[in-house]
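Take a look at the structure below.
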Protein chains: 2
Amino acid sequence: MTTKPKIAVVLSGCGVNDGAEIHEAVLTLLALDRHAAEAQCFAPDIPQRDVINHLTGTEQAETRNVLVEAARIARGRIRDLASFRAIEFDAIIFPGGFGAAKNLCSFAVDGADCSVEPSVEAAILAMHKAGKPIGALCISPAIIARVLGAVELTIGNDAGTASALEEMGAKHRAAGPTEVVIDHAARVATTPCYMLDSTIGQIADGADNLVKAVIDLIRESAKAA
Amino acid sequence: MTTKPKIAVVLSGCGVNDGAEIHEAVLTLLALDRHAAEAQCFAPDIPQRDVINHLTGTEQAETRNVLVEAARIARGRIRDLASFRAIEFDAIIFPGGFGAAKNLCSFAVDGADCSVEPSVEAAILAMHKAGKPIGALCISPAIIARVLGAVELTIGNDAGTASALEEMGAKHRAAGPTEVVIDHAARVATTPCYMLDSTIGQIADGADNLVKAVIDLIRESAKAA
């Protein structure tokens with residue numbers, strides 16, 4: 001790795017209840033900047049599963065597009081995930097939020113029987129096949145479990161969610177705030193973030209630790225190659 | 001100040017082009033946590049001036065509410081600015097984004113002749129009267145200039161914006177990324193953030209410097225009292 005690592009960040013909308021968790025997304029982008037990596041945001045160009053009023057928690061009779069809303073977090077600098085090519089990137093990271101479990105896959109509705117948005121599945125499989133690292137925060141490890149199966153990962157300590165991940169073939173390891181679980185063989189790093197009752201400072205530290213782990217995994221891949 | 005300082009953060013929606021700039025808002029909340037301050041988010045319960053598609057930059061034929069959208073950044077923990085009482089808080093901070101100049105006041109449309117949303121004006125006047133510090137990022141100093149007039153502040157180095165602030169009675173001082181301009185007499189601290197072409201790391205540093213300055217101003221107020 002002689003140049004800046006290029007890392008794709010996959011967003012799932014804009015807002016914890018129906019899209020990407022905003023703090024996790026922003027603090028992942030901050031951590032990438034702090035570690036001298038180049039970030040490129042992506043999101044699928046699909047309708048959101050629902051639109052939730054974040055003040056009341058109730059559903060709004062409205063349609064929003066995942067890519068268009070995610071562009072709010074990315075300040076317009078975002079690409080359709082359908083255009084993602086593994087060869088352009090050294091790693092891929094999925095921040096959390098309900099959007100990861102509602103828009104990127106159907107885990108929030110279907111649990112262990114969930115399906116994965118095709119562009120998301122293709123991106124994960126392409127990176128995995130190329131031996132490139134995958135990072136996932138909060139509930140996003142559910143997507144990785146569904147696509148890759150036998151991977152060691154964490155969503156914190158929620159027993160129901162953990163057992164759904166194991167039903168999909170993953171091995172769950174409990175983790176505390178800011179901790180990262182690393183599967184060196186699969187090159188997957190995960191951290192609980194807001195799956196635990198955390199402060200925004202802990203989210204920043206968790207995202208930073210996750211990004212550090214992903215960059216270390218890029219170095220390991222480079223050595224192995 | 002024997003207890004944690006309590007600081008109000010006023011959001012103007014959710015997204016740089018029609019609401020609060022998301023990075024500035026999140027990184028202000030992070031800085032408050034890092035400096036052991038307690039944050040409470042507020043936004044006015046009013047319709048946004050417009051809704052901008054952040055992917056294309058064009059206006060969408062849609063209506064959104066400033067408080068409801070700002071709740072996305074605040075993860076639901078937000079209050080109507082009409083309920084703001086100066087006695088509950090040690091300071092107030094305004095992150096930037098076009099929402100500050102479109103929803104909190106009409107600066108984006110009316111320039112130096114802008115009007116200010118009544119709940120925003122009331123909050124600024126109440127804090128100023130109580131000798132409590134006011135912080136403003138990015139374009140938000142325009143609101144402070146309109147309400148308080150003769151205050152020293154910065155919006156970076158944009159000549160047109162700076163002269164509009166001076167037309168409203170303020171004294172503009174040019175500042176670089178992460179720099180803070182402090183008016184000790186008026187207890188106002190300002191920093192340019194995305195009014196300059198900045199990295200997200202510079203936004204984090206600017207927000208952190210601004211929060212530090214605001215907390216120092218709280219201490220100065222306490223000594224003077």
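Scheme for the structure tokens: letters A, B, ... for chains in order shown; per-chain residue numbers from 1; ligand numbers from 1 in order shown.
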Inset, instruction - Would you list, as a list in words, the residues of segment 56-106 of chain A that end up in alpha helix (DSSP H) under DSSP run on this structure's backbone? - result: Val66, Leu67, Val68, Glu69, Ala70, Ala71, Arg72, Ile73, Phe98, Gly99, Ala100, Ala101 and Lys102 of chain A
Go through chain A and flag each residue having an atom no more than 8 Å from chain B; for those, report the closest pair of atoms plus their distance in Å to one decimal, using only C-alpha atoms, ordered by chain and rising number, as a tab-separated table.
residue	atom	partner	partner_atom	distance
A:Cys14	CA	B:Arg72	CA	7.4
A:Gly15	CA	B:Arg72	CA	4.8
A:Val16	CA	B:Arg75	CA	6.7
A:Ile22	CA	B:Ile73	CA	6.3
A:His23	CA	B:Val26	CA	6.2
A:Val26	CA	B:His23	CA	6.2
A:Leu29	CA	B:Ile200	CA	7.5
A:Leu30	CA	B:Ile200	CA	5.8
A:Asp33	CA	B:Gly201	CA	6.1
A:Arg34	CA	B:Gly201	CA	6.4
A:Asn53	CA	B:Val68	CA	6.4
A:His54	CA	B:Gly76	CA	5.3
A:Leu55	CA	B:Gly76	CA	5.0
A:Thr56	CA	B:Gly76	CA	7.5
A:Gly57	CA	B:Gly76	CA	7.9
A:Leu67	CA	B:Leu55	CA	7.6
A:Val68	CA	B:Leu55	CA	5.4
A:Glu69	CA	B:His54	CA	7.2
A:Ala71	CA	B:His54	CA	5.3
A:Arg72	CA	B:Gly15	CA	4.8
A:Ile73	CA	B:Ile22	CA	6.2
A:Arg75	CA	B:Val16	CA	6.6
A:Gly76	CA	B:Leu55	CA	5.0
A:Arg77	CA	B:Leu55	CA	7.7
A:Ile78	CA	B:Leu55	CA	7.5
A:Thr199	CA	B:Asp33	CA	7.7
A:Ile200	CA	B:Leu30	CA	5.9
A:Gly201	CA	B:Leu30	CA	5.9
A:Ala204	CA	B:Leu30	CA	7.8
Inset, instruction - Skip segment 135-142 of chain B itself and residues of its chain fewer than 6 positions away, then list as a PyMOL selection string all residues within 8 Å of it, counting only C-alpha atoms. - result: chain B and resi 24+91-98+100-101+107+153-156+165+188-195+207+210-211+214
Grab the residues selected above and save them as a CSV table (one decimal), in the first residue's frame with N, CA, C and O atoms.
chain,number,residue,atom,x,y,z
B,24,GLU,N,-21.2,19.1,10.3
B,24,GLU,CA,-21.1,20.1,11.3
B,24,GLU,C,-21.9,19.8,12.5
B,24,GLU,O,-21.5,20.0,13.6
B,91,ALA,N,-25.2,27.8,27.3
B,91,ALA,CA,-24.7,28.4,26.0
B,91,ALA,C,-25.7,27.8,24.9
B,91,ALA,O,-26.4,26.8,25.2
B,92,ILE,N,-25.6,28.4,23.7
B,92,ILE,CA,-26.4,27.9,22.6
B,92,ILE,C,-25.4,27.9,21.4
B,92,ILE,O,-24.6,28.8,21.2
B,93,ILE,N,-25.5,26.9,20.5
B,93,ILE,CA,-24.7,26.7,19.4
B,93,ILE,C,-25.5,26.5,18.1
B,93,ILE,O,-26.5,25.7,18.2
B,94,PHE,N,-25.2,27.2,17.0
B,94,PHE,CA,-25.9,27.0,15.7
B,94,PHE,C,-24.9,26.4,14.7
B,94,PHE,O,-24.0,27.1,14.2
B,95,PRO,N,-25.0,25.1,14.4
B,95,PRO,CA,-24.3,24.5,13.3
B,95,PRO,C,-24.7,25.2,12.0
B,95,PRO,O,-25.8,25.9,12.0
B,96,GLY,N,-24.0,25.0,10.9
B,96,GLY,CA,-24.4,25.6,9.6
B,96,GLY,C,-25.2,24.8,8.7
B,96,GLY,O,-26.0,24.0,9.1
B,97,GLY,N,-25.0,25.0,7.4
B,97,GLY,CA,-25.8,24.4,6.4
B,97,GLY,C,-26.8,25.5,5.8
B,97,GLY,O,-27.1,26.4,6.5
B,98,PHE,N,-27.3,25.2,4.6
B,98,PHE,CA,-28.2,26.2,4.0
B,98,PHE,C,-29.4,26.4,4.8
B,98,PHE,O,-30.1,27.4,4.8
B,100,ALA,N,-29.7,27.0,7.9
B,100,ALA,CA,-29.5,28.1,8.8
B,100,ALA,C,-29.9,29.4,8.1
B,100,ALA,O,-30.4,30.3,8.7
B,101,ALA,N,-29.6,29.5,6.8
B,101,ALA,CA,-29.9,30.7,6.0
B,101,ALA,C,-31.2,30.6,5.2
B,101,ALA,O,-31.5,31.6,4.5
B,107,PHE,N,-31.6,34.7,5.1
B,107,PHE,CA,-30.4,35.3,4.5
B,107,PHE,C,-30.1,34.8,3.1
B,107,PHE,O,-29.6,35.6,2.2
B,153,LEU,N,-17.3,38.7,14.1
B,153,LEU,CA,-17.4,37.3,13.7
B,153,LEU,C,-16.8,37.0,12.4
B,153,LEU,O,-16.3,37.8,11.7
B,154,THR,N,-16.9,35.7,12.0
B,154,THR,CA,-16.3,35.2,10.8
B,154,THR,C,-17.2,34.3,10.0
B,154,THR,O,-17.9,33.5,10.7
B,155,ILE,N,-17.2,34.3,8.7
B,155,ILE,CA,-17.8,33.3,7.9
B,155,ILE,C,-16.7,32.8,6.9
B,155,ILE,O,-17.0,32.2,5.9
B,156,GLY,N,-15.4,32.9,7.3
B,156,GLY,CA,-14.3,32.5,6.5
B,156,GLY,C,-13.7,33.6,5.7
B,156,GLY,O,-13.1,34.6,6.3
B,165,LEU,N,-22.7,40.8,6.0
B,165,LEU,CA,-22.7,40.8,7.5
B,165,LEU,C,-22.4,42.2,8.0
B,165,LEU,O,-22.9,42.6,9.0
B,188,VAL,N,-19.6,35.9,21.8
B,188,VAL,CA,-20.0,35.1,20.6
B,188,VAL,C,-18.7,34.5,20.0
B,188,VAL,O,-17.7,35.2,19.8
B,189,ALA,N,-18.8,33.2,19.6
B,189,ALA,CA,-17.6,32.5,19.0
B,189,ALA,C,-18.1,32.0,17.6
B,189,ALA,O,-19.2,31.4,17.6
B,190,THR,N,-17.3,32.1,16.6
B,190,THR,CA,-17.7,31.7,15.2
B,190,THR,C,-16.5,31.0,14.5
B,190,THR,O,-15.4,31.3,14.8
B,191,THR,N,-16.8,30.1,13.6
B,191,THR,CA,-15.8,29.4,12.9
B,191,THR,C,-16.3,29.0,11.5
B,191,THR,O,-17.5,28.7,11.3
B,192,PRO,N,-15.5,29.0,10.4
B,192,PRO,CA,-16.0,28.9,9.1
B,192,PRO,C,-16.5,27.6,8.6
B,192,PRO,O,-17.4,27.5,7.7
B,193,CYS,N,-16.0,26.5,9.1
B,193,CYS,CA,-16.3,25.1,8.7
B,193,CYS,C,-16.5,25.1,7.1
B,193,CYS,O,-15.6,25.5,6.4
B,194,TYR,N,-17.6,24.5,6.6
B,194,TYR,CA,-17.7,24.3,5.2
B,194,TYR,C,-18.0,25.6,4.4
B,194,TYR,O,-18.2,25.6,3.1
B,195,MET,N,-17.9,26.8,5.0
B,195,MET,CA,-17.8,28.1,4.2
B,195,MET,C,-16.5,28.1,3.5
B,195,MET,O,-16.3,28.8,2.5
B,207,ALA,N,-15.1,22.4,14.8
B,207,ALA,CA,-16.2,22.2,15.7
B,207,ALA,C,-15.7,22.1,17.2
B,207,ALA,O,-16.2,22.7,18.1
B,210,LEU,N,-14.4,25.4,18.4
B,210,LEU,CA,-15.6,26.3,18.7
B,210,LEU,C,-16.2,25.9,20.0
B,210,LEU,O,-16.5,26.8,20.8
B,211,VAL,N,-16.4,24.6,20.2
B,211,VAL,CA,-17.0,24.2,21.5
B,211,VAL,C,-16.1,24.6,22.7
B,211,VAL,O,-16.5,25.1,23.7
B,214,VAL,N,-16.5,28.2,23.3
B,214,VAL,CA,-17.8,28.5,24.0
B,214,VAL,C,-17.7,28.1,25.5
B,214,VAL,O,-18.2,28.9,26.4
With all Cα atoms paired residue by residue, do a least-squares superposition of chain B on chain A and hand back the transformed coordinates as a CSV table (one decimal) with C-alpha atoms, in the first residue's frame.
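Result file selection18.csv:
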chain,number,residue,atom,x,y,z
B,1,MET,CA,0.0,0.0,0.0
B,2,THR,CA,2.1,2.8,-1.3
B,3,THR,CA,-0.8,5.2,-2.0
B,4,LYS,CA,-3.8,6.2,0.1
B,5,PRO,CA,-6.2,3.2,0.7
B,6,LYS,CA,-9.4,3.7,-1.2
B,7,ILE,CA,-12.4,2.6,0.8
B,8,ALA,CA,-16.1,2.4,-0.2
B,9,VAL,CA,-18.7,3.4,2.4
B,10,VAL,CA,-22.2,2.0,1.7
B,11,LEU,CA,-25.0,4.1,3.0
B,12,SER,CA,-28.7,3.0,3.3
B,13,GLY,CA,-30.5,6.3,3.5
B,14,CYS,CA,-30.3,9.1,6.0
B,15,GLY,CA,-31.6,8.6,9.6
B,16,VAL,CA,-31.4,5.8,12.1
B,17,ASN,CA,-35.0,4.5,11.9
B,18,ASP,CA,-35.3,4.1,8.1
B,19,GLY,CA,-31.8,4.7,6.7
B,20,ALA,CA,-28.1,5.0,7.6
B,21,GLU,CA,-27.4,5.9,11.2
B,22,ILE,CA,-26.1,9.4,10.8
B,23,HIS,CA,-23.5,9.5,13.6
B,24,GLU,CA,-22.1,6.1,12.6
B,25,ALA,CA,-21.9,7.2,8.9
B,26,VAL,CA,-20.3,10.6,9.6
B,27,LEU,CA,-17.9,9.2,12.2
B,28,THR,CA,-16.8,6.5,9.8
B,29,LEU,CA,-16.0,9.2,7.2
B,30,LEU,CA,-14.1,11.1,9.9
B,31,ALA,CA,-12.1,8.1,10.9
B,32,LEU,CA,-11.2,7.4,7.2
B,33,ASP,CA,-9.9,11.0,6.9
B,34,ARG,CA,-8.0,10.7,10.2
B,35,HIS,CA,-6.3,7.5,8.9
B,36,ALA,CA,-5.4,9.1,5.6
B,37,ALA,CA,-7.8,6.9,3.6
B,38,GLU,CA,-9.9,8.1,0.6
B,39,ALA,CA,-13.6,7.5,1.1
B,40,GLN,CA,-16.2,7.1,-1.7
B,41,CYS,CA,-19.8,6.8,-0.6
B,42,PHE,CA,-22.3,4.5,-2.4
B,43,ALA,CA,-25.9,3.6,-2.0
B,44,PRO,CA,-28.4,1.5,-4.0
B,45,ASP,CA,-30.8,3.5,-6.2
B,46,ILE,CA,-33.9,1.9,-4.8
B,47,PRO,CA,-37.0,3.1,-2.8
B,48,GLN,CA,-36.7,3.0,1.0
B,49,ARG,CA,-38.7,0.3,2.7
B,50,ASP,CA,-40.5,3.0,4.7
B,51,VAL,CA,-40.2,6.6,5.8
B,52,ILE,CA,-40.2,7.1,9.6
B,53,ASN,CA,-41.0,10.4,11.3
B,54,HIS,CA,-37.9,10.5,13.6
B,55,LEU,CA,-39.7,12.9,16.1
B,56,THR,CA,-42.7,10.6,16.7
B,57,GLY,CA,-41.3,7.2,15.6
B,58,THR,CA,-44.4,6.6,13.4
B,59,GLU,CA,-44.5,5.8,9.7
B,60,GLN,CA,-45.1,8.6,7.2
B,61,ALA,CA,-47.2,8.1,4.0
B,62,GLU,CA,-44.3,9.0,1.8
B,63,THR,CA,-41.7,7.5,-0.6
B,64,ARG,CA,-38.0,8.4,-0.5
B,65,ASN,CA,-35.1,7.0,-2.5
B,66,VAL,CA,-32.1,5.4,-0.6
B,67,LEU,CA,-29.5,7.0,-2.9
B,68,VAL,CA,-31.1,10.4,-2.9
B,69,GLU,CA,-31.4,10.5,0.9
B,70,ALA,CA,-27.9,9.1,1.5
B,71,ALA,CA,-26.6,11.9,-0.7
B,72,ARG,CA,-27.5,14.2,2.3
B,73,ILE,CA,-24.8,12.5,4.4
B,74,ALA,CA,-22.3,12.4,1.5
B,75,ARG,CA,-22.9,16.1,0.6
B,76,GLY,CA,-23.8,15.0,-3.0
B,77,ARG,CA,-20.5,13.0,-3.5
B,78,ILE,CA,-22.0,9.5,-3.8
B,79,ARG,CA,-22.4,6.8,-6.5
B,80,ASP,CA,-25.0,4.3,-7.3
B,81,LEU,CA,-23.9,1.0,-5.8
B,82,ALA,CA,-24.8,-0.7,-9.1
B,83,SER,CA,-21.6,1.0,-10.5
B,84,PHE,CA,-19.4,-0.5,-7.7
B,85,ARG,CA,-16.3,-2.4,-9.0
B,86,ALA,CA,-14.1,-4.2,-6.5
B,87,ILE,CA,-11.0,-3.5,-8.5
B,88,GLU,CA,-11.3,0.3,-7.7
B,89,PHE,CA,-11.3,-0.2,-3.9
B,90,ASP,CA,-9.1,-1.7,-1.1
B,91,ALA,CA,-12.0,-2.3,1.3
B,92,ILE,CA,-15.7,-1.7,1.8
B,93,ILE,CA,-17.5,-0.5,5.0
B,94,PHE,CA,-21.1,-0.6,6.0
B,95,PRO,CA,-22.3,1.8,8.7
B,96,GLY,CA,-25.4,0.8,10.6
B,97,GLY,CA,-28.9,2.1,11.2
B,98,PHE,CA,-32.2,0.4,10.4
B,99,GLY,CA,-31.7,1.2,6.7
B,100,ALA,CA,-29.0,-1.5,6.7
B,101,ALA,CA,-31.6,-4.0,7.9
B,102,LYS,CA,-34.6,-2.6,5.9
B,103,ASN,CA,-33.1,-1.3,2.6
B,104,LEU,CA,-29.8,-3.2,2.1
B,105,CYS,CA,-31.4,-6.4,3.2
B,106,SER,CA,-34.7,-7.5,4.7
B,107,PHE,CA,-33.3,-8.6,8.1
B,108,ALA,CA,-35.6,-6.2,10.1
B,109,VAL,CA,-38.6,-7.9,8.6
B,110,ASP,CA,-37.5,-11.5,7.8
B,111,GLY,CA,-34.7,-12.2,10.3
B,112,ALA,CA,-32.5,-15.1,9.4
B,113,ASP,CA,-34.6,-15.7,6.3
B,114,CYS,CA,-33.8,-12.3,4.9
B,115,SER,CA,-32.8,-11.5,1.3
B,116,VAL,CA,-30.1,-9.1,0.3
B,117,GLU,CA,-30.4,-6.2,-2.2
B,118,PRO,CA,-28.6,-7.5,-5.3
B,119,SER,CA,-26.1,-4.7,-5.7
B,120,VAL,CA,-25.2,-5.1,-2.0
B,121,GLU,CA,-24.7,-8.8,-2.4
B,122,ALA,CA,-22.6,-8.4,-5.5
B,123,ALA,CA,-20.4,-5.8,-3.9
B,124,ILE,CA,-19.8,-8.1,-0.8
B,125,LEU,CA,-19.1,-11.2,-2.9
B,126,ALA,CA,-16.7,-9.3,-5.2
B,127,MET,CA,-14.7,-7.9,-2.4
B,128,HIS,CA,-14.6,-11.2,-0.5
B,129,LYS,CA,-13.5,-13.1,-3.7
B,130,ALA,CA,-10.7,-10.6,-4.2
B,131,GLY,CA,-9.5,-11.1,-0.6
B,132,LYS,CA,-10.3,-7.5,0.3
B,133,PRO,CA,-11.5,-6.5,3.8
B,134,ILE,CA,-15.1,-5.8,4.7
B,135,GLY,CA,-16.1,-3.7,7.8
B,136,ALA,CA,-19.6,-3.5,9.3
B,137,LEU,CA,-21.0,-1.5,12.2
B,138,CYS,CA,-24.1,-1.9,14.4
B,139,ILE,CA,-26.7,-4.1,12.7
B,140,SER,CA,-24.8,-4.3,9.3
B,141,PRO,CA,-23.0,-7.6,10.3
B,142,ALA,CA,-26.4,-9.2,9.6
B,143,ILE,CA,-25.9,-8.5,5.9
B,144,ILE,CA,-22.4,-10.0,6.0
B,145,ALA,CA,-23.7,-13.1,7.8
B,146,ARG,CA,-26.5,-13.6,5.2
B,147,VAL,CA,-24.0,-13.3,2.2
B,148,LEU,CA,-20.9,-15.0,3.6
B,149,GLY,CA,-22.3,-17.4,6.2
B,150,ALA,CA,-19.4,-18.8,8.3
B,151,VAL,CA,-17.8,-15.6,9.5
B,152,GLU,CA,-17.0,-14.5,13.1
B,153,LEU,CA,-18.6,-11.2,13.9
B,154,THR,CA,-20.4,-9.1,16.6
B,155,ILE,CA,-23.6,-7.1,16.9
B,156,GLY,CA,-22.9,-6.4,20.6
B,157,ASN,CA,-24.8,-8.5,23.1
B,158,ASP,CA,-28.4,-8.8,21.9
B,159,ALA,CA,-29.3,-12.5,22.3
B,160,GLY,CA,-32.1,-12.6,19.7
B,161,THR,CA,-30.1,-10.8,17.0
B,162,ALA,CA,-27.0,-12.9,17.8
B,163,SER,CA,-28.9,-16.2,17.5
B,164,ALA,CA,-30.4,-15.0,14.1
B,165,LEU,CA,-26.8,-14.4,12.9
B,166,GLU,CA,-25.8,-17.9,14.0
B,167,GLU,CA,-28.9,-19.3,12.2
B,168,MET,CA,-27.4,-17.8,9.1
B,169,GLY,CA,-24.1,-19.7,9.7
B,170,ALA,CA,-22.1,-17.0,11.4
B,171,LYS,CA,-20.3,-17.3,14.7
B,172,HIS,CA,-21.3,-14.4,17.1
B,173,ARG,CA,-18.9,-13.0,19.7
B,174,ALA,CA,-20.2,-10.6,22.3
B,175,ALA,CA,-18.4,-7.2,22.3
B,176,GLY,CA,-18.6,-4.1,24.4
B,177,PRO,CA,-18.8,-0.4,23.2
B,178,THR,CA,-15.9,0.5,20.9
B,179,GLU,CA,-14.6,-3.1,20.7
B,180,VAL,CA,-14.0,-4.7,17.3
B,181,VAL,CA,-14.3,-8.4,16.4
B,182,ILE,CA,-11.9,-9.4,13.6
B,183,ASP,CA,-12.1,-12.5,11.5
B,184,HIS,CA,-8.6,-12.6,9.9
B,185,ALA,CA,-9.4,-15.5,7.6
B,186,ALA,CA,-12.5,-13.9,6.2
B,187,ARG,CA,-11.1,-10.4,6.5
B,188,VAL,CA,-14.2,-9.1,8.2
B,189,ALA,CA,-14.2,-6.5,11.0
B,190,THR,CA,-17.3,-5.6,13.0
B,191,THR,CA,-18.2,-3.4,16.0
B,192,PRO,CA,-21.5,-2.8,17.8
B,193,CYS,CA,-21.9,1.0,17.9
B,194,TYR,CA,-25.5,1.9,18.6
B,195,MET,CA,-26.5,-1.8,19.0
B,196,LEU,CA,-25.4,-1.0,22.5
B,197,ASP,CA,-26.5,2.0,24.5
B,198,SER,CA,-23.5,4.2,23.6
B,199,THR,CA,-22.5,7.9,23.8
B,200,ILE,CA,-21.6,9.7,20.5
B,201,GLY,CA,-18.0,9.7,21.8
B,202,GLN,CA,-18.1,5.9,22.0
B,203,ILE,CA,-19.5,5.7,18.5
B,204,ALA,CA,-16.5,7.9,17.3
B,205,ASP,CA,-14.1,5.5,19.1
B,206,GLY,CA,-15.8,2.4,17.7
B,207,ALA,CA,-15.8,3.7,14.2
B,208,ASP,CA,-12.1,4.7,14.5
B,209,ASN,CA,-11.2,1.2,15.9
B,210,LEU,CA,-13.1,-0.4,13.0
B,211,VAL,CA,-11.4,1.7,10.4
B,212,LYS,CA,-8.0,1.0,12.0
B,213,ALA,CA,-8.8,-2.8,11.9
B,214,VAL,CA,-9.9,-2.6,8.2
B,215,ILE,CA,-6.7,-0.8,7.2
B,216,ASP,CA,-4.6,-3.4,9.1
B,217,LEU,CA,-6.5,-6.1,7.2
B,218,ILE,CA,-5.6,-4.3,3.9
B,219,ARG,CA,-1.9,-4.5,5.0
B,220,GLU,CA,-2.3,-8.2,5.9
B,221,SER,CA,-3.8,-8.9,2.4
B,222,ALA,CA,-1.0,-7.0,0.7
B,223,LYS,CA,1.6,-9.1,2.6
B,224,ALA,CA,-0.2,-12.3,1.8
B,225,ALA,CA,-0.4,-11.5,-1.9
Inset, instruction - Per DSSP on the backbone, filter segment 7-214 of chain B down to the residues in strand (DSSP E) and report them as a VMD selection string. - result: chain B and resid 7 to 10 38 to 43 78 to 80 91 to 94 134 to 137 152 to 153 171 to 172 181 to 183 188 to 191
